[in-house]
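Raw contents of query30.txt, compact mmCIF, C-alpha atoms:
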```txt
# COMPACT_ATOMS: atom_id res chain seq x y z
CA MET A 146 -41.14 -42.53 20.42
CA SER A 147 -40.74 -39.93 17.72
CA GLU A 148 -43.93 -37.97 18.43
CA TYR A 149 -45.20 -36.13 21.46
CA GLN A 150 -48.66 -37.18 22.45
CA SER A 151 -51.37 -34.90 21.08
CA THR A 152 -53.54 -33.93 24.03
CA GLU A 153 -56.57 -31.82 24.74
CA ARG A 154 -54.20 -29.01 25.73
CA THR A 155 -51.79 -29.06 22.84
CA ARG A 156 -53.82 -30.30 19.87
CA VAL A 157 -53.63 -27.87 16.95
CA ARG A 158 -57.29 -27.38 16.02
CA ARG A 159 -57.10 -24.32 13.83
CA LYS A 160 -55.55 -25.34 10.47
CA PRO A 161 -54.38 -28.73 11.80
CA SER A 162 -52.29 -29.25 8.66
CA ARG A 163 -49.96 -26.63 10.11
CA GLY A 164 -49.51 -28.64 13.31
CA SER A 165 -46.84 -31.14 14.22
CA TYR A 166 -46.10 -33.31 17.22
CA ASP A 167 -42.89 -34.64 15.75
CA ARG A 168 -40.07 -34.60 18.29
CA GLU A 169 -37.40 -33.73 15.74
CA VAL A 170 -39.43 -30.84 14.28
CA ILE A 171 -40.24 -29.41 17.70
CA HIS A 172 -36.67 -29.83 18.97
CA ALA A 173 -35.30 -28.03 15.90
CA ILE A 174 -37.61 -25.04 16.50
CA LEU A 175 -36.66 -24.92 20.19
CA ASP A 176 -32.97 -25.11 19.34
CA GLU A 177 -33.08 -22.38 16.68
CA ALA A 178 -35.03 -19.84 18.75
CA LEU A 179 -32.70 -17.56 20.72
CA ILE A 180 -35.29 -16.85 23.39
CA CYS A 181 -38.53 -18.28 24.67
CA HIS A 182 -41.60 -16.77 26.34
CA VAL A 183 -42.56 -18.44 29.62
CA GLY A 184 -46.14 -18.23 30.82
CA PHE A 185 -47.25 -18.81 34.40
CA SER A 186 -50.05 -17.60 36.63
CA VAL A 187 -49.99 -15.85 39.99
CA ASP A 188 -53.35 -15.53 41.75
CA GLY A 189 -55.14 -16.05 38.43
CA GLN A 190 -53.15 -13.39 36.60
CA PRO A 191 -51.09 -14.74 33.70
CA TYR A 192 -47.57 -13.41 33.14
CA VAL A 193 -45.38 -13.90 30.09
CA ILE A 194 -41.63 -13.44 30.57
CA PRO A 195 -38.96 -13.59 27.85
CA THR A 196 -35.84 -15.52 28.74
CA ILE A 197 -33.11 -17.71 27.28
CA HIS A 198 -33.68 -21.45 27.28
CA THR A 199 -31.71 -24.49 26.35
CA ARG A 200 -32.90 -27.99 25.55
CA VAL A 201 -31.35 -31.23 26.75
CA GLY A 202 -33.31 -34.16 25.37
CA ASP A 203 -36.92 -33.74 26.44
CA ARG A 204 -36.11 -31.12 29.04
CA LEU A 205 -35.76 -27.35 28.90
CA TYR A 206 -33.56 -25.38 31.25
CA LEU A 207 -34.19 -21.74 32.08
CA HIS A 208 -32.05 -19.58 34.32
CA GLY A 209 -32.24 -16.32 36.17
CA SER A 210 -31.07 -14.51 39.26
CA THR A 211 -32.19 -15.82 42.63
CA ARG A 212 -33.84 -12.39 43.01
CA ASN A 213 -35.93 -12.93 39.87
CA ARG A 214 -39.59 -12.92 40.94
CA ALA A 215 -40.75 -14.81 37.88
CA PHE A 216 -38.40 -17.66 38.58
CA ASN A 217 -39.37 -17.76 42.22
CA GLU A 218 -42.96 -18.30 41.13
CA LEU A 219 -41.94 -20.88 38.56
CA SER A 220 -39.85 -22.91 40.93
CA GLU A 221 -42.84 -23.75 43.10
CA GLY A 222 -43.86 -26.54 40.76
CA SER A 223 -46.56 -24.49 39.16
CA PRO A 224 -47.76 -25.41 35.68
CA CYS A 225 -46.14 -23.37 32.95
CA CYS A 226 -46.09 -22.96 29.21
CA VAL A 227 -42.95 -22.24 27.21
CA THR A 228 -43.44 -20.94 23.68
CA VAL A 229 -40.84 -20.13 21.04
CA SER A 230 -41.51 -18.47 17.69
CA LEU A 231 -39.44 -17.91 14.57
CA VAL A 232 -40.64 -15.43 11.95
CA ASP A 233 -39.45 -16.56 8.52
CA GLY A 234 -41.16 -14.11 6.23
CA ILE A 235 -44.02 -11.79 5.41
CA VAL A 236 -46.78 -13.14 3.16
CA LEU A 237 -48.20 -10.40 0.94
CA ALA A 238 -51.47 -11.10 -0.85
CA ARG A 239 -53.85 -8.95 -2.89
CA SER A 240 -56.52 -8.90 -0.20
CA ALA A 241 -55.98 -7.73 3.36
CA THR A 242 -57.19 -10.88 5.08
CA GLN A 243 -54.96 -13.24 3.06
CA HIS A 244 -51.85 -11.57 4.44
CA SER A 245 -49.90 -13.69 6.87
CA LEU A 246 -46.51 -14.50 8.28
CA ASN A 247 -44.43 -17.54 7.51
CA TYR A 248 -43.34 -18.83 10.87
CA ARG A 249 -42.43 -21.82 12.99
CA SER A 250 -43.48 -22.03 16.61
CA ALA A 251 -43.50 -24.57 19.40
CA MET A 252 -45.55 -24.63 22.58
CA ILE A 253 -44.42 -26.72 25.54
CA ILE A 254 -46.57 -27.60 28.53
CA GLY A 255 -44.82 -28.71 31.67
CA SER A 256 -44.22 -27.94 35.28
CA ALA A 257 -41.19 -26.31 36.75
CA ARG A 258 -38.62 -27.90 39.03
CA ARG A 259 -35.87 -25.99 40.80
CA VAL A 260 -32.44 -27.39 40.05
CA THR A 261 -30.20 -27.43 43.13
CA GLY A 262 -27.32 -29.78 42.41
CA PRO A 263 -24.21 -27.87 41.26
CA ASP A 264 -23.40 -30.36 38.51
CA GLU A 265 -26.83 -30.17 36.89
CA LYS A 266 -26.80 -26.38 37.37
CA THR A 267 -23.42 -26.04 35.69
CA ALA A 268 -24.50 -28.30 32.83
CA ALA A 269 -27.63 -26.17 32.35
CA LEU A 270 -25.63 -22.93 32.28
CA ARG A 271 -23.24 -24.50 29.81
CA GLY A 272 -26.29 -25.39 27.71
CA VAL A 273 -27.62 -21.83 27.88
CA VAL A 274 -24.31 -20.30 26.74
CA GLU A 275 -23.87 -22.90 24.00
CA HIS A 276 -27.49 -22.43 22.92
CA ILE A 277 -26.80 -18.78 22.10
CA VAL A 278 -23.19 -19.07 20.90
CA PRO A 279 -22.00 -22.59 20.10
CA GLY A 280 -18.33 -22.94 20.91
CA ARG A 281 -18.28 -20.19 23.55
CA TRP A 282 -18.27 -22.20 26.77
CA ASP A 283 -14.78 -23.60 26.37
CA GLU A 284 -13.36 -20.10 25.83
CA VAL A 285 -14.65 -18.57 29.07
CA ARG A 286 -14.27 -18.97 32.82
CA GLY A 287 -16.92 -21.31 34.19
CA PRO A 288 -19.19 -20.36 37.10
CA SER A 289 -17.73 -20.19 40.61
CA ALA A 290 -19.56 -21.67 43.59
CA ASP A 291 -20.77 -18.16 44.52
CA GLU A 292 -22.01 -17.50 41.00
CA LEU A 293 -23.86 -20.81 41.02
CA ASP A 294 -25.48 -19.84 44.33
CA GLU A 295 -26.67 -16.53 42.85
CA THR A 296 -28.22 -18.27 39.85
CA GLN A 297 -31.53 -20.04 39.76
CA VAL A 298 -31.93 -22.83 37.27
CA ILE A 299 -35.37 -24.14 36.43
CA ALA A 300 -35.97 -27.42 34.62
CA VAL A 301 -39.15 -27.95 32.64
CA ASP A 302 -39.72 -31.49 31.45
CA ILE A 303 -41.57 -31.46 28.15
CA GLU A 304 -44.78 -33.22 29.15
CA GLU A 305 -46.80 -32.10 26.14
CA ALA A 306 -45.75 -30.20 23.05
CA SER A 307 -46.96 -29.06 19.69
CA GLY A 308 -45.34 -27.29 16.79
CA LYS A 309 -47.01 -25.08 14.24
CA ALA A 310 -45.71 -23.62 11.01
CA ARG A 311 -46.66 -21.78 7.86
CA ALA A 312 -44.39 -21.81 4.85
CA GLY A 313 -44.65 -21.00 1.20
CA ARG A 314 -46.47 -18.62 -1.05
CA ALA A 315 -49.32 -16.16 -0.70
CA ILE A 316 -52.69 -17.66 -1.57
CA ASP A 317 -55.17 -15.26 -3.09
CA LYS A 318 -58.82 -15.91 -3.63
CA ARG A 319 -59.48 -16.54 -7.32
CA ASP A 320 -61.25 -13.24 -7.93
CA ASP A 321 -58.41 -11.28 -6.38
CA VAL A 322 -55.64 -12.64 -8.59
CA ASP A 323 -54.26 -9.87 -10.77
CA PRO A 324 -50.85 -10.31 -12.44
CA GLU A 325 -50.34 -6.55 -12.37
CA LYS A 326 -50.57 -6.44 -8.59
CA TRP A 327 -47.52 -7.64 -6.72
CA ALA A 328 -47.96 -10.50 -4.28
CA GLY A 329 -45.37 -12.76 -2.77
CA ILE A 330 -43.06 -13.41 0.13
CA LEU A 331 -40.58 -11.10 1.82
CA PRO A 332 -38.16 -13.52 3.54
CA LEU A 333 -36.82 -12.40 6.92
CA GLU A 334 -33.77 -13.60 8.77
CA ILE A 335 -31.58 -12.72 11.71
CA SER A 336 -28.34 -11.18 10.58
CA THR A 337 -25.32 -9.86 12.40
CA ALA A 338 -23.56 -6.52 12.16
CA GLU A 339 -19.81 -6.15 12.74
CA PRO A 340 -18.82 -7.46 16.23
CA ILE A 341 -17.95 -4.62 18.62
CA PRO A 342 -14.96 -5.48 20.81
CA GLY A 343 -14.90 -4.21 24.40
CA GLU A 344 -12.61 -1.29 25.24
CA ASP A 345 -10.54 -3.62 27.40
CA VAL A 346 -9.73 -5.90 24.46
CA GLN A 347 -6.29 -5.66 22.87
CA ARG A 348 -6.41 -3.80 19.55
CA ASP A 349 -6.21 -6.08 16.53
CA LEU A 350 -7.06 -9.17 18.57
CA PRO A 351 -8.89 -11.29 15.98
CA VAL A 352 -12.59 -11.90 16.55
CA PRO A 353 -12.80 -15.61 17.42
CA PRO A 354 -14.45 -17.80 14.78
CA HIS A 355 -17.40 -18.75 17.01
CA VAL A 356 -18.30 -15.03 17.02
CA ALA A 357 -17.15 -14.00 13.54
CA ASP A 358 -18.93 -16.93 11.87
CA TRP A 359 -22.04 -16.89 14.07
CA ARG A 360 -25.25 -17.41 12.20
CA ARG A 361 -28.74 -18.58 13.02
CA GLY A 362 -31.44 -19.95 10.83
CA GLN A 363 -32.14 -22.36 8.09
CA MET B 45 -49.66 11.28 31.53
CA SER B 46 -46.37 10.14 30.07
CA GLU B 47 -45.81 7.14 32.36
CA TYR B 48 -47.81 4.01 33.03
CA GLN B 49 -48.40 3.44 36.68
CA SER B 50 -45.89 1.10 38.28
CA THR B 51 -47.93 -1.53 40.11
CA GLU B 52 -47.36 -4.60 42.22
CA ARG B 53 -47.86 -6.65 39.04
CA THR B 54 -45.60 -4.78 36.65
CA ARG B 55 -42.86 -3.26 38.81
CA VAL B 56 -39.42 -4.27 37.59
CA ARG B 57 -37.70 -5.54 40.76
CA ARG B 58 -34.73 -7.36 39.34
CA LYS B 59 -32.26 -4.73 38.07
CA PRO B 60 -34.79 -1.90 38.31
CA SER B 61 -32.42 0.38 36.37
CA ARG B 62 -33.34 -1.67 33.34
CA GLY B 63 -37.04 -0.95 33.84
CA SER B 64 -39.18 1.76 32.31
CA TYR B 65 -42.80 2.80 32.59
CA ASP B 66 -42.47 5.54 30.01
CA ARG B 67 -45.33 5.47 27.51
CA GLU B 68 -43.16 6.50 24.58
CA VAL B 69 -40.51 3.87 25.33
CA ILE B 70 -43.09 1.10 25.75
CA HIS B 71 -45.05 2.14 22.66
CA ALA B 72 -41.86 2.14 20.56
CA ILE B 73 -41.04 -1.42 21.64
CA LEU B 74 -44.61 -2.57 20.93
CA ASP B 75 -44.54 -0.92 17.51
CA GLU B 76 -41.20 -2.37 16.47
CA ALA B 77 -41.93 -5.97 17.48
CA LEU B 78 -43.46 -7.94 14.60
CA ILE B 79 -45.24 -10.36 16.90
CA CYS B 80 -46.29 -10.62 20.51
CA HIS B 81 -46.80 -13.52 22.89
CA VAL B 82 -50.20 -13.59 24.58
CA GLY B 83 -50.58 -15.36 27.90
CA PHE B 84 -53.88 -16.51 29.37
CA SER B 85 -55.05 -19.30 31.64
CA VAL B 86 -57.63 -22.03 31.15
CA ASP B 87 -58.53 -24.03 34.25
CA GLY B 88 -55.31 -22.92 35.92
CA GLN B 89 -53.11 -23.95 33.00
CA PRO B 90 -51.21 -21.04 31.41
CA TYR B 91 -50.94 -20.88 27.62
CA VAL B 92 -48.66 -18.64 25.58
CA ILE B 93 -49.65 -18.00 21.97
CA PRO B 94 -47.67 -16.03 19.38
CA THR B 95 -49.68 -13.66 17.23
CA ILE B 96 -49.54 -10.32 15.41
CA HIS B 97 -50.62 -7.24 17.30
CA THR B 98 -51.10 -3.60 16.53
CA ARG B 99 -51.25 -0.64 18.86
CA VAL B 100 -53.71 2.23 18.68
CA GLY B 101 -52.99 4.68 21.48
CA ASP B 102 -53.17 2.76 24.75
CA ARG B 103 -54.91 -0.22 23.19
CA LEU B 104 -53.64 -3.36 21.50
CA TYR B 105 -55.59 -5.22 18.87
CA LEU B 106 -55.08 -8.92 18.18
CA HIS B 107 -56.86 -10.94 15.53
CA GLY B 108 -57.51 -14.53 14.64
CA SER B 109 -60.00 -16.85 13.06
CA THR B 110 -63.35 -17.30 14.78
CA ARG B 111 -62.30 -20.95 15.08
CA ASN B 112 -59.17 -20.02 17.03
CA ARG B 113 -59.49 -21.59 20.48
CA ALA B 114 -57.03 -19.21 22.08
CA PHE B 115 -59.03 -16.22 20.98
CA ASN B 116 -62.26 -17.77 22.13
CA GLU B 117 -60.76 -18.05 25.60
CA LEU B 118 -59.40 -14.52 25.44
CA SER B 119 -62.65 -12.95 24.38
CA GLU B 120 -64.36 -13.95 27.61
CA GLY B 121 -62.90 -10.97 29.42
CA SER B 122 -60.26 -13.06 31.10
CA PRO B 123 -57.09 -11.36 32.33
CA CYS B 124 -54.22 -11.64 29.92
CA CYS B 125 -50.61 -10.62 29.49
CA VAL B 126 -49.11 -9.51 26.20
CA THR B 127 -45.32 -9.51 25.97
CA VAL B 128 -43.09 -8.41 23.11
CA SER B 129 -39.32 -8.85 22.93
CA LEU B 130 -36.62 -7.54 20.62
CA VAL B 131 -33.18 -9.14 20.67
CA ASP B 132 -30.57 -6.51 19.79
CA GLY B 133 -27.34 -8.37 20.35
CA ILE B 134 -25.32 -11.00 22.11
CA VAL B 135 -23.15 -9.89 25.03
CA LEU B 136 -19.96 -11.93 25.22
CA ALA B 137 -17.90 -11.71 28.41
CA ARG B 138 -14.87 -13.60 29.71
CA SER B 139 -16.87 -15.47 32.33
CA ALA B 140 -19.90 -17.64 31.62
CA THR B 141 -22.29 -15.89 33.99
CA GLN B 142 -21.57 -12.39 32.67
CA HIS B 143 -22.89 -13.36 29.25
CA SER B 144 -26.20 -11.77 28.36
CA LEU B 145 -28.39 -10.48 25.58
CA ASN B 146 -29.02 -6.88 24.70
CA TYR B 147 -32.77 -6.63 24.36
CA ARG B 148 -35.85 -4.50 24.75
CA SER B 149 -39.10 -5.98 26.00
CA ALA B 150 -42.51 -4.77 27.11
CA MET B 151 -45.09 -6.56 29.22
CA ILE B 152 -48.72 -5.45 29.10
CA ILE B 153 -51.38 -6.47 31.60
CA GLY B 154 -54.99 -6.08 30.56
CA SER B 155 -58.20 -7.89 29.94
CA ALA B 156 -59.59 -8.88 26.60
CA ARG B 157 -62.70 -7.50 24.93
CA ARG B 158 -64.24 -8.93 21.79
CA VAL B 159 -64.63 -6.33 19.06
CA THR B 160 -67.91 -6.71 17.19
CA GLY B 161 -68.51 -3.45 15.32
CA PRO B 162 -67.43 -3.71 11.66
CA ASP B 163 -65.81 -0.27 11.66
CA GLU B 164 -63.61 -0.94 14.68
CA LYS B 165 -62.87 -4.41 13.30
CA THR B 166 -61.80 -3.02 9.94
CA ALA B 167 -59.67 -0.34 11.60
CA ALA B 168 -57.98 -3.02 13.70
CA LEU B 169 -57.24 -5.19 10.65
CA ARG B 170 -55.88 -2.14 8.87
CA GLY B 171 -53.66 -1.58 11.90
CA VAL B 172 -52.43 -5.18 11.85
CA VAL B 173 -51.49 -5.04 8.16
CA GLU B 174 -49.85 -1.62 8.52
CA HIS B 175 -48.04 -2.82 11.66
CA ILE B 176 -46.24 -5.47 9.64
CA VAL B 177 -45.88 -3.62 6.31
CA PRO B 178 -46.47 0.13 6.47
CA GLY B 179 -48.03 1.32 3.22
CA ARG B 180 -49.58 -2.03 2.32
CA TRP B 181 -53.24 -1.44 3.24
CA ASP B 182 -53.96 1.04 0.48
CA GLU B 183 -52.59 -1.38 -2.14
CA VAL B 184 -54.89 -4.30 -1.33
CA ARG B 185 -58.56 -5.21 -1.30
CA GLY B 186 -60.09 -4.51 2.09
CA PRO B 187 -62.07 -7.12 4.02
CA SER B 188 -65.55 -8.09 2.81
CA ALA B 189 -68.46 -8.47 5.21
CA ASP B 190 -67.96 -12.27 5.13
CA GLU B 191 -64.27 -11.96 5.81
CA LEU B 192 -64.99 -9.67 8.74
CA ASP B 193 -67.45 -12.25 10.09
CA GLU B 194 -64.80 -14.97 9.89
CA THR B 195 -62.29 -12.87 11.81
CA GLN B 196 -62.16 -12.34 15.52
CA VAL B 197 -60.66 -9.14 16.77
CA ILE B 198 -59.67 -8.77 20.40
CA ALA B 199 -58.94 -5.44 22.04
CA VAL B 200 -56.69 -5.28 25.08
CA ASP B 201 -56.61 -1.93 26.83
CA ILE B 202 -53.19 -1.35 28.35
CA GLU B 203 -54.08 -1.20 32.03
CA GLU B 204 -50.56 -1.72 33.32
CA ALA B 205 -47.29 -1.92 31.47
CA SER B 206 -43.57 -2.09 31.98
CA GLY B 207 -40.60 -2.04 29.65
CA LYS B 208 -37.23 -3.59 30.25
CA ALA B 209 -34.01 -3.27 28.32
CA ARG B 210 -30.31 -4.02 28.36
CA ALA B 211 -27.94 -2.17 26.08
CA GLY B 212 -24.23 -1.63 25.84
CA ARG B 213 -21.05 -3.45 26.51
CA ALA B 214 -20.06 -6.65 28.28
CA ILE B 215 -19.09 -6.09 31.91
CA ASP B 216 -16.46 -8.44 33.24
CA LYS B 217 -15.48 -8.84 36.83
CA ARG B 218 -12.14 -7.16 37.47
CA ASP B 219 -10.19 -10.38 37.87
CA ASP B 220 -11.53 -11.75 34.61
CA VAL B 221 -10.43 -8.87 32.39
CA ASP B 222 -7.77 -10.05 29.97
CA PRO B 223 -6.99 -7.97 26.89
CA GLU B 224 -5.94 -11.11 25.04
CA LYS B 225 -9.37 -12.67 25.44
CA TRP B 226 -12.05 -11.33 23.15
CA ALA B 227 -15.18 -9.85 24.74
CA GLY B 228 -17.78 -7.58 23.23
CA ILE B 229 -21.10 -7.34 21.50
CA LEU B 230 -22.39 -9.19 18.46
CA PRO B 231 -25.21 -6.93 17.19
CA LEU B 232 -28.23 -8.71 15.73
CA GLU B 233 -30.90 -7.36 13.44
CA ILE B 234 -33.75 -8.50 11.25
CA SER B 235 -32.81 -8.41 7.61
CA THR B 236 -34.63 -9.25 4.42
CA ALA B 237 -33.66 -11.52 1.57
CA GLU B 238 -34.77 -10.85 -2.02
CA PRO B 239 -38.61 -10.67 -2.25
CA ILE B 240 -40.09 -13.74 -3.95
CA PRO B 241 -42.96 -12.82 -6.30
CA GLY B 242 -45.89 -15.21 -6.60
CA GLU B 243 -46.16 -17.35 -9.71
CA ASP B 244 -49.29 -15.43 -10.68
CA VAL B 245 -47.44 -12.10 -10.78
CA GLN B 246 -46.51 -10.64 -14.17
CA ARG B 247 -42.83 -11.11 -14.92
CA ASP B 248 -40.76 -7.96 -14.43
CA LEU B 249 -43.49 -6.26 -12.41
CA PRO B 250 -41.43 -4.04 -10.10
CA VAL B 251 -41.49 -4.90 -6.40
CA PRO B 252 -43.44 -2.04 -4.79
CA PRO B 253 -41.38 0.32 -2.62
CA HIS B 254 -43.23 -0.61 0.60
CA VAL B 255 -41.89 -4.16 0.08
CA ALA B 256 -38.53 -3.43 -1.57
CA ASP B 257 -37.59 -0.83 1.05
CA TRP B 258 -39.04 -2.66 4.04
CA ARG B 259 -36.87 -2.56 7.11
CA ARG B 260 -37.34 -2.94 10.83
CA GLY B 261 -35.28 -1.81 13.72
CA GLN B 262 -33.35 1.05 15.11
```
Written as structure tokens, that's how I'd like the structure from this file.
Amino acid sequence: MSEYQSTERTRVRRKPSRGSYDREVIHAILDEALICHVGFSVDGQPYVIPTIHTRVGDRLYLHGSTRNRAFNELSEGSPCCVTVSLVDGIVLARSATQHSLNYRSAMIIGSARRVTGPDEKTAALRGVVEHIVPGRWDEVRGPSADELDETQVIAVDIEEASGKARAGRAIDKRDDVDPEKWAGILPLEISTAEPIPGEDVQRDLPVPPHVADWRRGQ
Amino acid sequence: MSEYQSTERTRVRRKPSRGSYDREVIHAILDEALICHVGFSVDGQPYVIPTIHTRVGDRLYLHGSTRNRAFNELSEGSPCCVTVSLVDGIVLARSATQHSLNYRSAMIIGSARRVTGPDEKTAALRGVVEHIVPGRWDEVRGPSADELDETQVIAVDIEEASGKARAGRAIDKRDDVDPEKWAGILPLEISTAEPIPGEDVQRDLPVPPHVADWRRGQ
């Protein structure tokens, strides 16, 4: 099935033309976003925690220390919401209220499961590293048994999901249009500065291609 | 008072050295982040919604359409959490589990209040526009009475807050250090591409300085 089911909880009501339930669209947004924001409640109080995610099929993996309070709450099977957002540009109009951002976002509803098996844990950590820097995993030492024990991995099956996006130009109300007033889009992107080698790295060691050529975005 | 109170709900337990309750630090993170993620619960289900915020003293303002379901929930005085996150760089170590991100984040706990007075509403919208593009408000038509009516503004007083950050180099375990293996930081930043004028803008109209010179970050 190529679409997630649109439910009471995930239906995009406001400007539904901006909404999408398409698996491929939602997966692409999840995969491009470096981090996600995880929402969960404790005693009726909502919390929103930023963390790194990775997606494997229709499942997200999150990770954290075993001493991470947020993840201890999450691992109890409580309902959670994982949202990712990409800001693509600033929309500048001639009236204040027509200003906007161009963006792509995805909201996932699911419940958390604690991952205990070392193989699934290792695969999730591999996914997290590769999510941020594709090509990195094979260059580094994998997790030891102790390191796996110190790491919590949480799986969130994507039960419901919706994507939302705005793209394109500024739209002014007819009376506001004035060719002598600038309106338009300021595109934004994530860029890199020069990689900074650690002090314990041999001088003149080349920056590996998966770092030197790293880029994110469309 | 220069620090927010550290409470049961906002205390940074995991790696407390990364935590801060300093007003100035938290305000700077809130002001730099283009968007926030707002968490709230409906019938026990947490939702996390991305939106633009602005800060005025110890208060955040959020805005949305009056038809925005999230904001209708928020305006009922329900507890909410507003989190902002800035990703400053990728930390590349020689072992998988020592990888990390350099980041700054702030988590705000408060409850929502619906803003109804047109003056406070207008000031909040001014703040939202100026938050994204400083210098823009004075160049555009302000909101009409109808536009104000169609816009919901939510105030969240910062009742509790904490900041969290990681900065600096990759830290490898002693046995993993190998000068012939690259480790270090890949700094990330938000950059702009060439502004794209609308089709209804006079050719050769200069891009105004508040757009041409826009930048964000440290």
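Distances here use only C-alpha atoms; by that measure, the residue among B:Ile152, B:Ala256, B:Leu130, B:Ala237 closest to chain A is B:Ala237.
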Contacts of stretch 191-199 of chain A within 7 Å, only C-alpha atoms, excl. fewer than 6 positions in-chain, as a PDB file with C-alpha atoms, in the frame of the given file:
```pdb
ATOM      1  CA  LEU A 179     -32.700 -17.560  20.720  1.00  0.00           C
ATOM      2  CA  ILE A 180     -35.290 -16.850  23.390  1.00  0.00           C
ATOM      3  CA  CYS A 181     -38.530 -18.280  24.670  1.00  0.00           C
ATOM      4  CA  HIS A 182     -41.600 -16.770  26.340  1.00  0.00           C
ATOM      5  CA  VAL A 183     -42.560 -18.440  29.620  1.00  0.00           C
ATOM      6  CA  GLY A 184     -46.140 -18.230  30.820  1.00  0.00           C
ATOM      7  CA  PHE A 185     -47.250 -18.810  34.400  1.00  0.00           C
ATOM      8  CA  LEU A 205     -35.760 -27.350  28.900  1.00  0.00           C
ATOM      9  CA  TYR A 206     -33.560 -25.380  31.250  1.00  0.00           C
ATOM     10  CA  LEU A 207     -34.190 -21.740  32.080  1.00  0.00           C
ATOM     11  CA  GLY A 272     -26.290 -25.390  27.710  1.00  0.00           C
ATOM     12  CA  VAL A 273     -27.620 -21.830  27.880  1.00  0.00           C
ATOM     13  CA  HIS A 276     -27.490 -22.430  22.920  1.00  0.00           C
TER      14      HIS A 276
ATOM     15  CA  GLY B  83     -50.580 -15.360  27.900  1.00  0.00           C
ATOM     16  CA  PHE B  84     -53.880 -16.510  29.370  1.00  0.00           C
ATOM     17  CA  SER B  85     -55.050 -19.300  31.640  1.00  0.00           C
ATOM     18  CA  PRO B  90     -51.210 -21.040  31.410  1.00  0.00           C
ATOM     19  CA  CYS B 124     -54.220 -11.640  29.920  1.00  0.00           C
ATOM     20  CA  CYS B 125     -50.610 -10.620  29.490  1.00  0.00           C
ATOM     21  CA  VAL B 126     -49.110  -9.510  26.200  1.00  0.00           C
ATOM     22  CA  THR B 127     -45.320  -9.510  25.970  1.00  0.00           C
ATOM     23  CA  SER B 129     -39.320  -8.850  22.930  1.00  0.00           C
TER      24      SER B 129
END
```
Can you pull out the residues contacting stretch 328-336 of chain A? Cut-off 6 Å, using only C-alpha atoms, and skip same-chain residues under 2 positions away; I want them as JSON, numbers by chain. {"A": [233, 234, 235, 236, 237, 238, 315], "B": [232, 233, 234, 235, 236, 237, 239, 240, 241, 242]}
As a ChimeraX atom specification, please: the residues near stretch 159-173 of chain A (cut-off 10 Å, only C-alpha atoms, same-chain neighbours under 3 positions excluded).
/A:146-151,155-156,176-178,200-203,229,249-253,305-312 /B:108-114
re atom CA of B:Val184 and atom CA of B:Ala168: distance 15.4 Å
Open item on the list: When you count all atoms listed in the file, which of these residues is closest to chain A: B:Ser188, B:Thr166, B:Asn146, B:Ser139?
Closed with: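 Smallest separation from chain A among the options: B:Ser139.
When atom CA of A:Asp291 is paired with atom CA of B:Ala140, their separation reads 12.9 Å.
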In Å to one decimal, how far is atom CA of A:Asp349 from atom CA of B:Pro223?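 Spanning atom CA of B:Pro223 to atom CA of A:Asp349 is a straight-line distance of 10.6 Å.
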Spatial neighbours of B:Val173, 9 Å, all atoms listed in the file, chain gap at least 4 places, as a PyMOL selection string: (chain A and resi 241-242+244-245) or (chain B and resi 98+168-169+177-181)
Close residues, A:Arg319 itself excluded, 12 Å, all atoms listed in the file, min 2 positions apart in chain, as number ranges by chain:
A: 238-240, 243, 316-317, 321-324; B: 244
- Message: Let me make sure I understand: among B:Arg103, B:Arg53, B:Arg185, B:Arg260, which one has the smallest atom-to-atom distance to chain A if we use all atoms listed in the file?
- Response: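 With all atoms listed in the file as the atom set, the closest residue is B:Arg185.
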Handout entry: Residue nearest chain B among A:Val260, A:Ile303, A:Ala290, A:Val232 (counting only C-alpha atoms)
Key =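 Under the stated criterion, the closest residue is A:Val232.
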Write out as JSON an axis-aligned box for stretch 297-313 of chain A: all of its atoms listed in the file, 6 Å added on each side, centre and edge lengths in Å with one decimal.
```
{"center_x": -39.3, "center_y": -26.6, "center_z": 20.5, "size_x": 27.5, "size_y": 25.2, "size_z": 50.6}
```
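If all atoms listed in the file are the atoms counted, then among A:Asp358, A:Asp264, A:Glu295, A:Glu325 the closest residue to chain B is A:Glu325.
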Counting all atoms listed in the file, the option among B:Val251, B:Leu118, B:Ala167, B:Leu192 closest to B:Ser155: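 Closest to B:Ser155, using all atoms listed in the file: B:Leu118.
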Please write stretch 79-84 of chain B of the preceding block to a file containing N, CA and C atoms, as an mmCIF file, in the first residue's frame?
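The resulting file, decode_23.cif, is shown below:
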```
data_model
loop_
_atom_site.group_PDB
_atom_site.id
_atom_site.type_symbol
_atom_site.label_atom_id
_atom_site.label_comp_id
_atom_site.auth_asym_id
_atom_site.auth_seq_id
_atom_site.Cartn_x
_atom_site.Cartn_y
_atom_site.Cartn_z
ATOM 1 N N ILE B 79 12.129 27.897 13.846
ATOM 2 C CA ILE B 79 10.854 27.289 14.216
ATOM 3 C C ILE B 79 10.983 26.553 15.547
ATOM 4 N N CYS B 80 9.823 26.269 16.117
ATOM 5 C CA CYS B 80 9.780 25.474 17.339
ATOM 6 C C CYS B 80 8.898 24.248 17.089
ATOM 7 N N HIS B 81 8.928 23.327 18.011
ATOM 8 C CA HIS B 81 8.010 22.183 17.982
ATOM 9 C C HIS B 81 7.174 22.220 19.259
ATOM 10 N N VAL B 82 5.863 22.329 19.084
ATOM 11 C CA VAL B 82 4.937 22.464 20.204
ATOM 12 C C VAL B 82 4.308 21.120 20.500
ATOM 13 N N GLY B 83 4.389 20.700 21.746
ATOM 14 C CA GLY B 83 3.782 19.439 22.158
ATOM 15 C C GLY B 83 2.578 19.672 23.044
ATOM 16 N N PHE B 84 1.512 18.953 22.782
ATOM 17 C CA PHE B 84 0.309 19.012 23.622
ATOM 18 C C PHE B 84 -0.393 17.670 23.495
#
```
